[in-house]
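Engineer: Just so it is clear, I am handing over model16.cif, which has mmCIF, C-alpha atoms.
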data_final
#
loop_
_atom_site.group_PDB
_atom_site.id
_atom_site.type_symbol
_atom_site.label_atom_id
_atom_site.label_comp_id
_atom_site.auth_asym_id
_atom_site.auth_seq_id
_atom_site.Cartn_x
_atom_site.Cartn_y
_atom_site.Cartn_z
ATOM 1 C CA MET A 1 13.272 33.953 24.740
ATOM 2 C CA THR A 2 12.296 30.394 25.616
ATOM 3 C CA LEU A 3 12.599 27.983 22.690
ATOM 4 C CA LEU A 4 9.931 25.332 22.343
ATOM 5 C CA LYS A 5 11.371 21.837 22.174
ATOM 6 C CA PRO A 6 10.490 20.235 18.805
ATOM 7 C CA ILE A 7 8.352 17.115 18.741
ATOM 8 C CA LEU A 8 10.312 14.060 17.627
ATOM 9 C CA GLY A 9 9.353 12.973 14.135
ATOM 10 C CA LEU A 10 7.543 16.212 13.189
ATOM 11 C CA GLU A 11 8.814 19.098 11.103
ATOM 12 C CA ASP A 12 7.623 22.236 9.330
ATOM 13 C CA THR A 13 7.482 22.477 5.546
ATOM 14 C CA PHE A 14 8.067 25.907 4.012
ATOM 15 C CA GLY A 15 9.860 27.814 1.257
ATOM 16 C CA GLU A 16 11.049 25.876 -1.781
ATOM 17 C CA ARG A 17 10.012 22.518 -0.353
ATOM 18 C CA ALA A 18 6.428 23.682 0.248
ATOM 19 C CA LEU A 19 6.315 25.093 -3.280
ATOM 20 C CA ALA A 20 7.670 21.849 -4.746
ATOM 21 C CA LEU A 21 5.091 19.826 -2.804
ATOM 22 C CA ARG A 22 2.207 21.902 -4.143
ATOM 23 C CA GLN A 23 3.524 21.835 -7.708
ATOM 24 C CA LEU A 24 3.814 18.048 -7.718
ATOM 25 C CA GLN A 25 0.481 17.684 -5.936
ATOM 26 C CA PHE A 26 -1.346 19.720 -8.586
ATOM 27 C CA GLU A 27 0.457 17.916 -11.425
ATOM 28 C CA LEU A 28 -0.803 14.616 -10.025
ATOM 29 C CA PHE A 29 -4.304 16.039 -9.613
ATOM 30 C CA LYS A 30 -4.343 16.809 -13.361
ATOM 31 C CA ILE A 31 -3.533 13.181 -14.140
ATOM 32 C CA TYR A 32 -6.235 11.862 -11.826
ATOM 33 C CA ASN A 33 -8.863 14.329 -13.065
ATOM 34 C CA GLN A 34 -8.134 13.427 -16.693
ATOM 35 C CA ALA A 35 -8.654 9.756 -15.796
ATOM 36 C CA GLY A 36 -12.132 10.554 -14.454
ATOM 37 C CA PHE A 37 -11.294 10.517 -10.731
ATOM 38 C CA SER A 38 -12.580 13.177 -8.328
ATOM 39 C CA GLU A 39 -11.070 14.548 -5.127
ATOM 40 C CA VAL A 40 -12.243 13.678 -1.633
ATOM 41 C CA ILE A 41 -11.073 15.669 1.425
ATOM 42 C CA PRO A 42 -11.760 13.681 4.617
ATOM 43 C CA PRO A 43 -11.396 15.325 8.062
ATOM 44 C CA LEU A 44 -8.195 14.899 10.048
ATOM 45 C CA LEU A 45 -10.171 13.342 12.944
ATOM 46 C CA GLU A 46 -12.270 10.187 12.936
ATOM 47 C CA ARG A 47 -14.010 7.987 15.429
ATOM 48 C CA PRO A 48 -11.634 5.125 16.309
ATOM 49 C CA GLN A 49 -14.241 2.537 15.298
ATOM 50 C CA SER A 50 -14.269 3.891 11.748
ATOM 51 C CA LEU A 51 -10.496 3.609 11.389
ATOM 52 C CA SER A 52 -10.349 0.132 12.905
ATOM 53 C CA SER A 53 -13.439 -1.333 11.257
ATOM 54 C CA GLY A 54 -12.812 -4.683 9.603
ATOM 55 C CA ALA A 55 -9.308 -5.294 8.312
ATOM 56 C CA GLY A 56 -8.408 -1.733 9.297
ATOM 57 C CA ALA A 57 -7.860 -3.033 12.834
ATOM 58 C CA PHE A 58 -4.212 -3.447 11.878
ATOM 59 C CA LEU A 59 -3.901 0.354 12.065
ATOM 60 C CA ALA A 60 -4.645 0.407 15.786
ATOM 61 C CA ASP A 61 -0.990 0.400 16.845
ATOM 62 C CA GLN A 62 -0.319 3.583 14.861
ATOM 63 C CA THR A 63 -3.439 5.526 15.875
ATOM 64 C CA LEU A 64 -3.344 8.488 18.270
ATOM 65 C CA MET A 65 -6.545 8.797 20.325
ATOM 66 C CA PHE A 66 -7.871 11.385 22.765
ATOM 67 C CA SER A 67 -11.053 12.413 24.550
ATOM 68 C CA ASP A 68 -12.839 15.293 22.869
ATOM 69 C CA PRO A 69 -13.364 18.286 25.234
ATOM 70 C CA SER A 70 -16.567 19.117 23.318
ATOM 71 C CA ASP A 71 -18.179 15.852 24.413
ATOM 72 C CA ALA A 72 -17.943 14.054 21.070
ATOM 73 C CA GLY A 73 -16.420 11.113 22.904
ATOM 74 C CA GLN A 74 -13.239 9.320 21.923
ATOM 75 C CA LEU A 75 -11.617 10.645 18.752
ATOM 76 C CA ALA A 76 -8.589 9.582 16.702
ATOM 77 C CA ILE A 77 -6.103 11.288 14.393
ATOM 78 C CA ARG A 78 -5.952 9.368 11.120
ATOM 79 C CA PRO A 79 -2.768 7.339 10.477
ATOM 80 C CA ASP A 80 -4.052 6.318 7.032
ATOM 81 C CA MET A 81 -6.780 7.692 4.770
ATOM 82 C CA THR A 82 -8.019 4.513 3.073
ATOM 83 C CA PRO A 83 -10.407 3.583 5.935
ATOM 84 C CA GLN A 84 -11.887 7.074 5.629
ATOM 85 C CA ILE A 85 -12.509 6.546 1.918
ATOM 86 C CA ALA A 86 -14.217 3.243 2.764
ATOM 87 C CA ARG A 87 -16.448 5.017 5.294
ATOM 88 C CA ILE A 88 -17.389 7.773 2.831
ATOM 89 C CA ALA A 89 -18.124 5.254 0.069
ATOM 90 C CA ALA A 90 -20.328 3.222 2.403
ATOM 91 C CA THR A 91 -22.262 6.219 3.760
ATOM 92 C CA ARG A 92 -22.163 9.627 2.065
ATOM 93 C CA MET A 93 -21.630 8.166 -1.438
ATOM 94 C CA ARG A 94 -23.571 4.921 -1.015
ATOM 95 C CA HIS A 95 -25.895 5.657 -3.956
ATOM 96 C CA SER A 96 -23.051 5.508 -6.498
ATOM 97 C CA ASP A 97 -22.300 2.034 -7.852
ATOM 98 C CA GLU A 98 -18.820 3.005 -9.042
ATOM 99 C CA LEU A 99 -16.504 5.472 -7.315
ATOM 100 C CA LYS A 100 -13.190 6.770 -8.666
ATOM 101 C CA LEU A 101 -11.605 8.930 -5.983
ATOM 102 C CA TYR A 102 -8.291 10.535 -5.040
ATOM 103 C CA TYR A 103 -7.050 12.410 -1.975
ATOM 104 C CA SER A 104 -4.031 14.212 -0.574
ATOM 105 C CA GLY A 105 -3.488 15.302 3.012
ATOM 106 C CA GLN A 106 -1.519 14.850 6.209
ATOM 107 C CA VAL A 107 -1.687 11.733 8.364
ATOM 108 C CA MET A 108 -0.105 11.225 11.787
ATOM 109 C CA LEU A 109 1.554 8.085 13.150
ATOM 110 C CA ALA A 110 1.616 7.251 16.844
ATOM 111 C CA ARG A 111 5.223 6.053 16.495
ATOM 112 C CA PRO A 112 8.018 7.062 14.103
ATOM 113 C CA ASP A 113 8.128 5.147 10.834
ATOM 114 C CA GLU A 114 10.907 2.535 10.973
ATOM 115 C CA ARG A 115 12.235 3.563 7.566
ATOM 116 C CA THR A 116 12.178 7.356 7.835
ATOM 117 C CA GLY A 117 11.933 8.188 11.551
ATOM 118 C CA SER A 118 9.021 10.503 10.750
ATOM 119 C CA ARG A 119 5.599 10.514 12.393
ATOM 120 C CA GLN A 120 3.950 12.650 9.724
ATOM 121 C CA GLN A 121 3.220 11.882 6.092
ATOM 122 C CA TRP A 122 1.523 13.752 3.286
ATOM 123 C CA GLN A 123 -0.492 10.801 2.075
ATOM 124 C CA THR A 124 -1.673 10.988 -1.507
ATOM 125 C CA GLY A 125 -3.593 8.184 -3.145
ATOM 126 C CA VAL A 126 -6.158 6.846 -5.577
ATOM 127 C CA GLU A 127 -9.069 4.482 -4.864
ATOM 128 C CA TYR A 128 -11.332 2.680 -7.337
ATOM 129 C CA LEU A 129 -14.468 1.209 -5.742
ATOM 130 C CA GLY A 130 -17.121 -0.813 -7.558
ATOM 131 C CA GLY A 131 -16.956 -2.001 -11.142
ATOM 132 C CA GLN A 132 -15.132 -5.117 -12.278
ATOM 133 C CA SER A 133 -12.174 -6.077 -10.101
ATOM 134 C CA ASP A 134 -9.724 -6.708 -12.947
ATOM 135 C CA VAL A 135 -10.615 -3.405 -14.625
ATOM 136 C CA GLY A 136 -10.088 -1.516 -11.379
ATOM 137 C CA ASP A 137 -6.751 -3.192 -10.713
ATOM 138 C CA VAL A 138 -5.398 -2.315 -14.153
ATOM 139 C CA GLU A 139 -6.562 1.292 -14.049
ATOM 140 C CA VAL A 140 -5.230 1.922 -10.544
ATOM 141 C CA ILE A 141 -1.837 0.379 -11.315
ATOM 142 C CA HIS A 142 -1.658 2.418 -14.526
ATOM 143 C CA LEU A 143 -2.218 5.602 -12.505
ATOM 144 C CA ALA A 144 0.481 4.496 -10.061
ATOM 145 C CA ALA A 145 2.898 4.236 -12.998
ATOM 146 C CA LEU A 146 1.882 7.657 -14.327
ATOM 147 C CA SER A 147 2.313 9.158 -10.851
ATOM 148 C CA MET A 148 5.898 7.913 -10.553
ATOM 149 C CA GLN A 149 6.693 9.248 -14.016
ATOM 150 C CA ALA A 150 5.181 12.654 -13.209
ATOM 151 C CA ALA A 151 7.412 12.856 -10.126
ATOM 152 C CA GLY A 152 10.462 12.380 -12.348
ATOM 153 C CA PHE A 153 11.605 9.000 -11.051
ATOM 154 C CA GLU A 154 13.888 7.188 -13.474
ATOM 155 C CA LEU A 155 13.287 3.602 -14.584
ATOM 156 C CA PRO A 156 10.176 3.053 -12.410
ATOM 157 C CA VAL A 157 9.324 -0.532 -11.506
ATOM 158 C CA LEU A 158 6.118 -1.998 -10.116
ATOM 159 C CA GLN A 159 6.401 -5.321 -8.296
ATOM 160 C CA LEU A 160 3.202 -7.379 -8.057
ATOM 161 C CA GLY A 161 2.225 -9.919 -5.427
ATOM 162 C CA HIS A 162 -0.962 -11.521 -4.140
ATOM 163 C CA MET A 163 -2.056 -12.032 -0.540
ATOM 164 C CA GLY A 164 -3.833 -15.208 -1.623
ATOM 165 C CA LEU A 165 -0.433 -16.865 -2.118
ATOM 166 C CA ILE A 166 0.783 -16.354 1.447
ATOM 167 C CA GLN A 167 -2.675 -17.105 2.841
ATOM 168 C CA ALA A 168 -2.722 -20.440 0.994
ATOM 169 C CA LEU A 169 0.753 -21.318 2.280
ATOM 170 C CA VAL A 170 0.252 -20.540 5.987
ATOM 171 C CA ALA A 171 -3.444 -21.297 6.585
ATOM 172 C CA ASP A 172 -2.614 -24.419 8.612
ATOM 173 C CA SER A 173 0.491 -23.070 10.333
ATOM 174 C CA GLY A 174 -1.033 -22.223 13.725
ATOM 175 C CA LEU A 175 0.597 -18.761 13.555
ATOM 176 C CA SER A 176 -0.987 -15.381 12.791
ATOM 177 C CA MET A 177 -0.925 -13.783 9.355
ATOM 178 C CA GLU A 178 0.717 -10.717 10.888
ATOM 179 C CA THR A 179 3.631 -12.882 12.096
ATOM 180 C CA TRP A 180 4.216 -14.327 8.617
ATOM 181 C CA VAL A 181 3.883 -10.974 6.828
ATOM 182 C CA THR A 182 6.259 -9.244 9.238
ATOM 183 C CA THR A 183 8.857 -11.986 8.734
ATOM 184 C CA LEU A 184 8.522 -12.025 4.948
ATOM 185 C CA ALA A 185 8.846 -8.249 4.791
ATOM 186 C CA ARG A 186 12.351 -8.590 6.251
ATOM 187 C CA ARG A 187 13.418 -10.866 3.350
ATOM 188 C CA SER A 188 15.545 -12.895 5.759
ATOM 189 C CA PRO A 189 15.878 -16.657 5.079
ATOM 190 C CA GLU A 190 17.353 -17.130 8.555
ATOM 191 C CA ASP A 191 14.339 -15.516 10.216
ATOM 192 C CA MET A 192 12.051 -17.646 8.076
ATOM 193 C CA LYS A 193 13.865 -20.835 9.106
ATOM 194 C CA GLN A 194 13.340 -19.993 12.774
ATOM 195 C CA LEU A 195 9.657 -19.283 12.208
ATOM 196 C CA LEU A 196 9.105 -22.508 10.294
ATOM 197 C CA VAL A 197 10.392 -24.465 13.302
ATOM 198 C CA GLN A 198 7.429 -23.067 15.271
ATOM 199 C CA SER A 199 4.867 -23.986 12.610
ATOM 200 C CA SER A 200 3.234 -27.221 11.546
ATOM 201 C CA LEU A 201 3.603 -26.787 7.777
ATOM 202 C CA ASN A 202 4.438 -29.582 5.369
ATOM 203 C CA GLU A 203 7.639 -29.649 3.329
ATOM 204 C CA ALA A 204 6.125 -28.185 0.139
ATOM 205 C CA HIS A 205 4.674 -25.158 1.918
ATOM 206 C CA ALA A 206 7.846 -24.609 3.959
ATOM 207 C CA SER A 207 10.006 -24.797 0.841
ATOM 208 C CA ALA A 208 7.811 -22.222 -0.932
ATOM 209 C CA LEU A 209 8.046 -19.851 2.025
ATOM 210 C CA MET A 210 11.842 -20.114 1.965
ATOM 211 C CA ILE A 211 11.820 -19.151 -1.714
ATOM 212 C CA LEU A 212 9.647 -16.138 -0.898
ATOM 213 C CA ALA A 213 11.952 -15.068 1.939
ATOM 214 C CA SER A 214 14.965 -15.396 -0.377
ATOM 215 C CA GLY A 215 13.475 -12.959 -2.907
ATOM 216 C CA CYS A 216 13.399 -15.555 -5.706
ATOM 217 C CA ALA A 217 9.625 -15.900 -6.156
ATOM 218 C CA ASP A 218 9.320 -14.442 -9.669
ATOM 219 C CA ASP A 219 6.994 -15.325 -12.546
ATOM 220 C CA VAL A 220 9.159 -18.245 -13.692
ATOM 221 C CA TRP A 221 9.039 -19.842 -10.241
ATOM 222 C CA LEU A 222 5.319 -19.143 -9.878
ATOM 223 C CA LYS A 223 4.506 -20.909 -13.165
ATOM 224 C CA GLN A 224 6.554 -23.915 -12.075
ATOM 225 C CA VAL A 225 4.895 -24.425 -8.672
ATOM 226 C CA LYS A 226 1.395 -22.954 -9.027
ATOM 227 C CA ASP A 227 -0.296 -26.343 -9.526
ATOM 228 C CA SER A 228 1.699 -28.233 -6.895
ATOM 229 C CA ILE A 229 0.713 -26.435 -3.649
ATOM 230 C CA ASN A 230 -3.088 -26.346 -3.315
ATOM 231 C CA ASP A 231 -6.149 -25.020 -5.146
ATOM 232 C CA ALA A 232 -6.131 -21.651 -3.363
ATOM 233 C CA PHE A 233 -2.478 -21.065 -4.224
ATOM 234 C CA GLY A 234 -3.078 -22.006 -7.858
ATOM 235 C CA ALA A 235 -6.070 -19.669 -8.170
ATOM 236 C CA ALA A 236 -4.126 -16.718 -6.715
ATOM 237 C CA ALA A 237 -1.149 -17.508 -8.961
ATOM 238 C CA ASP A 238 -3.290 -17.627 -12.104
ATOM 239 C CA GLU A 239 -4.918 -14.310 -11.191
ATOM 240 C CA LEU A 240 -1.522 -12.694 -10.600
ATOM 241 C CA LEU A 241 0.025 -14.033 -13.815
ATOM 242 C CA HIS A 242 -2.971 -12.811 -15.843
ATOM 243 C CA LEU A 243 -2.777 -9.351 -14.271
ATOM 244 C CA SER A 244 0.962 -9.130 -14.959
ATOM 245 C CA SER A 245 0.458 -10.081 -18.602
ATOM 246 C CA THR A 246 -2.321 -7.511 -19.053
ATOM 247 C CA LEU A 247 -0.280 -4.736 -17.450
ATOM 248 C CA THR A 248 2.882 -5.552 -19.389
ATOM 249 C CA SER A 249 0.913 -5.298 -22.630
ATOM 250 C CA ARG A 250 -0.793 -2.035 -21.666
ATOM 251 C CA LEU A 251 2.195 -0.282 -20.110
ATOM 252 C CA ALA A 252 4.882 -1.496 -22.518
ATOM 253 C CA GLY A 253 7.717 1.023 -22.620
ATOM 254 C CA ASP A 254 6.343 3.143 -19.769
ATOM 255 C CA ILE A 255 7.241 1.101 -16.716
ATOM 256 C CA SER A 256 8.681 -2.287 -15.813
ATOM 257 C CA ILE A 257 6.205 -4.822 -14.377
ATOM 258 C CA GLN A 258 7.635 -7.641 -12.254
ATOM 259 C CA ILE A 259 6.060 -10.467 -10.300
ATOM 260 C CA GLU A 260 7.520 -10.776 -6.820
ATOM 261 C CA ALA A 261 5.347 -13.130 -4.792
ATOM 262 C CA ALA A 262 6.919 -11.917 -1.544
ATOM 263 C CA VAL A 263 5.597 -8.366 -1.935
ATOM 264 C CA MET A 264 3.917 -7.567 1.380
ATOM 265 C CA PRO A 265 1.400 -4.784 2.024
ATOM 266 C CA ARG A 266 2.175 -1.761 4.179
ATOM 267 C CA PHE A 267 -0.998 -2.429 6.183
ATOM 268 C CA LEU A 268 -2.692 -5.799 6.579
ATOM 269 C CA TYR A 269 -6.112 -4.773 5.317
ATOM 270 C CA HIS A 270 -5.203 -5.903 1.795
ATOM 271 C CA THR A 271 -6.674 -9.249 0.805
ATOM 272 C CA GLY A 272 -5.882 -9.833 -2.880
ATOM 273 C CA MET A 273 -3.466 -8.359 -5.375
ATOM 274 C CA VAL A 274 -0.791 -6.098 -3.835
ATOM 275 C CA PHE A 275 1.945 -4.009 -5.450
ATOM 276 C CA THR A 276 4.916 -1.834 -4.571
ATOM 277 C CA GLY A 277 6.696 0.843 -6.604
ATOM 278 C CA PHE A 278 10.447 1.366 -6.896
ATOM 279 C CA ALA A 279 12.724 3.473 -9.098
ATOM 280 C CA LYS A 280 16.387 3.917 -9.955
ATOM 281 C CA GLY A 281 18.303 5.590 -7.138
ATOM 282 C CA ALA A 282 15.424 5.476 -4.629
ATOM 283 C CA THR A 283 16.456 4.143 -1.218
ATOM 284 C CA ARG A 284 13.081 2.602 -0.332
ATOM 285 C CA ALA A 285 9.705 1.625 -1.747
ATOM 286 C CA LEU A 286 7.941 4.664 -3.202
ATOM 287 C CA LEU A 287 4.306 3.538 -3.087
ATOM 288 C CA HIS A 288 2.118 0.694 -1.869
ATOM 289 C CA GLY A 289 -1.250 -0.525 -3.088
ATOM 290 C CA GLY A 290 -3.612 -3.409 -3.586
ATOM 291 C CA ARG A 291 -7.106 -4.797 -3.183
ATOM 292 C CA TYR A 292 -9.044 -4.387 0.098
ATOM 293 C CA ASP A 293 -12.576 -5.696 -0.532
ATOM 294 C CA LYS A 294 -13.076 -6.921 3.055
ATOM 295 C CA MET A 295 -12.689 -3.438 4.501
ATOM 296 C CA MET A 296 -15.643 -2.258 2.429
ATOM 297 C CA ALA A 297 -17.742 -5.181 3.658
ATOM 298 C CA ALA A 298 -16.838 -4.293 7.239
ATOM 299 C CA HIS A 299 -18.151 -0.769 6.649
ATOM 300 C CA GLY A 300 -21.486 -2.215 5.551
ATOM 301 C CA ARG A 301 -21.053 -2.063 1.791
ATOM 302 C CA ASP A 302 -19.792 -5.170 0.014
ATOM 303 C CA MET A 303 -18.073 -3.933 -3.160
ATOM 304 C CA PRO A 304 -14.718 -4.379 -4.932
ATOM 305 C CA ALA A 305 -12.078 -1.859 -3.853
ATOM 306 C CA THR A 306 -8.488 -1.274 -4.894
ATOM 307 C CA GLY A 307 -6.053 1.620 -4.625
ATOM 308 C CA PHE A 308 -2.574 2.867 -3.839
ATOM 309 C CA SER A 309 -0.974 5.606 -1.772
ATOM 310 C CA PHE A 310 2.372 7.247 -1.109
ATOM 311 C CA ASP A 311 3.975 9.942 1.029
ATOM 312 C CA LEU A 312 4.355 13.103 -1.058
ATOM 313 C CA LEU A 313 6.947 14.528 1.350
ATOM 314 C CA ALA A 314 9.039 11.372 1.038
ATOM 315 C CA TRP A 315 8.796 11.592 -2.759
ATOM 316 C CA LEU A 316 10.321 15.067 -2.673
ATOM 317 C CA SER A 317 13.214 13.797 -0.561
ATOM 318 C CA GLU A 318 13.714 10.697 -2.709
ATOM 319 C CA SER A 319 13.692 12.594 -6.003
ATOM 320 C CA ARG A 320 16.294 15.007 -4.641
ATOM 321 C CA GLU A 321 18.468 12.200 -3.263
ATOM 322 C CA SER A 322 18.178 10.243 -6.512
ATOM 323 C CA ALA A 323 19.167 13.278 -8.574
ATOM 324 C CA ASN A 324 22.216 13.859 -6.363
ATOM 325 C CA LYS A 325 23.299 10.218 -6.651
ATOM 326 C CA LEU A 326 22.918 10.144 -10.407
ATOM 327 C CA GLY A 327 24.843 13.419 -10.697
ATOM 328 C CA ASN A 328 27.780 11.899 -8.853
ATOM 329 C CA ILE A 329 28.037 8.826 -11.093
#
Spell out the structure here as C-alpha cells.

Structural biologist:
Amino acid sequence: MTLLKPILGLEDTFGERALALRQLQFELFKIYNQAGFSEVIPPLLERPQSLSSGAGAFLADQTLMFSDPSDAGQLAIRPDMTPQIARIAATRMRHSDELKLYYSGQVMLARPDERTGSRQQWQTGVEYLGGQSDVGDVEVIHLAALSMQAAGFELPVLQLGHMGLIQALVADSGLSMETWVTTLARRSPEDMKQLLVQSSLNEAHASALMILASGCADDVWLKQVKDSINDAFGAAADELLHLSSTLTSRLAGDISIQIEAAVMPRFLYHTGMVFTGFAKGATRALLHGGRYDKMMAAHGRDMPATGFSFDLLAWLSESRESANKLGNI
C-alpha cells in the first residue's frame, strides 16, 4: 500500500487529545456564555480583501490563497479569525451597538510558526466591540485570566503594554513600525543598538528603546519617564497605568498583572493596549490580545474593539508539559 507523505506542519488530532480539546473548549464556552458573550462561527474561507482590510494587511504573509473552481474568484484560507469578526460586526451584525462575541475553530498559516513549527492552530478567542473602551478592556482581560485558570495553568501572569508607547518613540525614526516591533519582540539590546544606528532618533527616545529591548520597562520605569518623552508617550503611559491599577484591584488574588512596556502584539493590527499571558512552567506566551479599533474603521464601521485569542491545541501541549516539569521538581 502506498503511504501518503504527511504535510509539514499539519497533524491529525484524535483519541484522548481530541477529547481533552473538546472538554476544555466547552468549559471555556461556559465561562464566556455566563459573561454574556455569544458564539460566532465564521467560514474557513474568506475573500482576501476581507482578511487584509485595514490593519489586517499584516496577515498577508501568512495567508494561503487560491482560485475558486466554482468561479467565486480569488479565495483565502483564514490565518486569523479576528478580521472575520470585524467583517461580521460591520455587516451582518451592524445594527447592534455593542457586540460580545467568542469563537473557536481552525486557522491555517502559509508558513510554519517560528515557535512551534506548526501551520495549524485551533484559535479560540473573545471580542468585545462597541461600548466604552476602558470597560471593554477590563472585561476582556478578566476573561483572559479566567480562561487561563480554567485550563489549569499555575500562577498565571498577564503582561500589559501599549502600542502608543512605541509609536510615540519611533514616529520620527524613518523606519517602519514592523521593523521596530520585530526587533523589540526579540528582546535583544544588541539588535536594538544596530537598528538605532540606522534611525534618526534623539538620545531620549533611543535610551527608552534600549530599556524596552532590555526587558526593564516596568511600571516603576514608566512612572519615572512618562512626562519626559512627548505628549503622546505620556498619554499612552497614563492610560496603561490606569488600566493596570483597575485590573489589579479587580483581579486581586486571581492573577498577577504586570506592566511590561515592551509587550508586542502577535499581529500588527493592534493600535492601543496590548497584553500577553504567561504561566508557571509554560515554555512560551499562552495568549495575545489588545485593542484594534482601526481594523473596524477599515471595515466601514468605526467602533471600539478589543479582544484576545490563543491556540487551544498549544494549550493542551503546554499544560501537559508544565505538569510533567512540575512533577519532576

Engineer: Listing only residues of stretch 149-188 of chain A within 8 Å of stretch 192-206 of chain A, what is the closest atom pair and its distance in Å (to one decimal) for each, using all atoms listed in the file, sorted by chain and residue number ascending, as CSV?

Structural biologist:
residue,atom,partner,partner_atom,distance
A:Leu169,CA,A:His205,CA,5.5
A:Val170,CA,A:Leu201,CA,7.3
A:Asp172,CA,A:Leu201,CA,6.7
A:Ser173,CA,A:Ser199,CA,5.0
A:Gly174,CA,A:Ser199,CA,6.3
A:Leu175,CA,A:Ser199,CA,6.8
A:Thr183,CA,A:Met192,CA,6.5
A:Leu184,CA,A:Met192,CA,7.3
A:Ser188,CA,A:Met192,CA,6.3

Engineer: Could you tell me how far atom CA of A:Ser53 sits from atom CA of A:Ala298, in Å to one decimal place?

Structural biologist: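 Computing it gives 6.0 Å between the two atoms.
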
Engineer: Please report the interatomic distance between atom CA of A:Trp122 and atom CA of A:Tyr32 in Å with one decimal.

Structural biologist: 17.1 Å

Engineer: Using the chain letters and residue numbers of this document, give as number ranges by chain the residues selected by the PyMOL selection byres ((chain A and resi 315) around 10).

Structural biologist: A: 21, 24, 122, 148, 151-153, 282, 286-287, 310-314, 316-321

Engineer: To test your reading of the syntax: which residues would the PyMOL selection byres ((chain A and resi 141) around 9) return for the file shown? Reply as number ranges by chain.

Structural biologist: A: 136-140, 142-146, 158, 247, 275, 289-290, 307-308

Engineer: Residues around (6.5, -18.1, -5.3), cut-off 6 Å, counting only C-alpha atoms - what are they as a tab-separated table (two decimals) with C-alpha atoms, keeping the file's coordinate frame?

Structural biologist:
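So the final result, stored in point.tsv, reads:
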chain	number	residue	atom	x	y	z
A	212	LEU	CA	9.65	-16.14	-0.90
A	217	ALA	CA	9.62	-15.90	-6.16
A	221	TRP	CA	9.04	-19.84	-10.24
A	222	LEU	CA	5.32	-19.14	-9.88
A	261	ALA	CA	5.35	-13.13	-4.79

Engineer: Have a look at atom CA of A:Val181 and atom CA of A:Ile166 and let me know their distance in Å, one decimal.

Structural biologist: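 These two atoms are separated by 8.2 Å.
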
Engineer: Residues near stretch 117-119 of chain A, anyone? I mean within 6 Å using all atoms listed in the file, not counting same-chain ones fewer than 5 positions away, as a PyMOL selection string.

Structural biologist: chain A and resi 9+108-109+112

Engineer: Looking at A:Gly234, A:Gly161, A:Pro265, A:Gly15, which one is nearest to A:Gly215, with distances taken over only C-alpha atoms?

Structural biologist: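 Closest candidate: A:Gly161.
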
Engineer: For stretch 94-105 of chain A in the structure I just supplied, write out N, CA and C atoms - as a compact mmCIF listing (two decimals), in the first residue's frame.

Structural biologist:
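out.txt, written as the output of this step:
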# COMPACT_ATOMS: atom_id res chain seq x y z
N ARG A 94 -24.44 44.73 11.99
CA ARG A 94 -24.22 46.18 12.03
C ARG A 94 -25.28 46.94 12.81
N HIS A 95 -26.43 46.32 13.09
CA HIS A 95 -27.50 47.03 13.79
C HIS A 95 -27.35 46.94 15.32
N SER A 96 -26.37 46.20 15.79
CA SER A 96 -26.12 46.10 17.23
C SER A 96 -25.02 47.07 17.63
N ASP A 97 -25.30 47.92 18.61
CA ASP A 97 -24.32 48.91 19.05
C ASP A 97 -23.20 48.29 19.88
N GLU A 98 -23.49 47.20 20.56
CA GLU A 98 -22.50 46.53 21.39
C GLU A 98 -22.52 45.04 21.09
N LEU A 99 -21.36 44.47 20.83
CA LEU A 99 -21.25 43.06 20.48
C LEU A 99 -20.23 42.38 21.39
N LYS A 100 -20.66 41.29 22.02
CA LYS A 100 -19.78 40.50 22.88
C LYS A 100 -19.76 39.08 22.31
N LEU A 101 -18.66 38.73 21.66
CA LEU A 101 -18.61 37.53 20.84
C LEU A 101 -17.42 36.64 21.23
N TYR A 102 -17.57 35.34 20.98
CA TYR A 102 -16.44 34.42 21.11
C TYR A 102 -16.49 33.40 19.98
N TYR A 103 -15.36 32.73 19.73
CA TYR A 103 -15.25 31.81 18.61
C TYR A 103 -14.21 30.75 18.91
N SER A 104 -14.25 29.68 18.17
CA SER A 104 -13.25 28.61 18.32
C SER A 104 -13.25 27.77 17.06
N GLY A 105 -12.11 27.73 16.37
CA GLY A 105 -12.03 26.96 15.14
C GLY A 105 -10.61 26.94 14.59
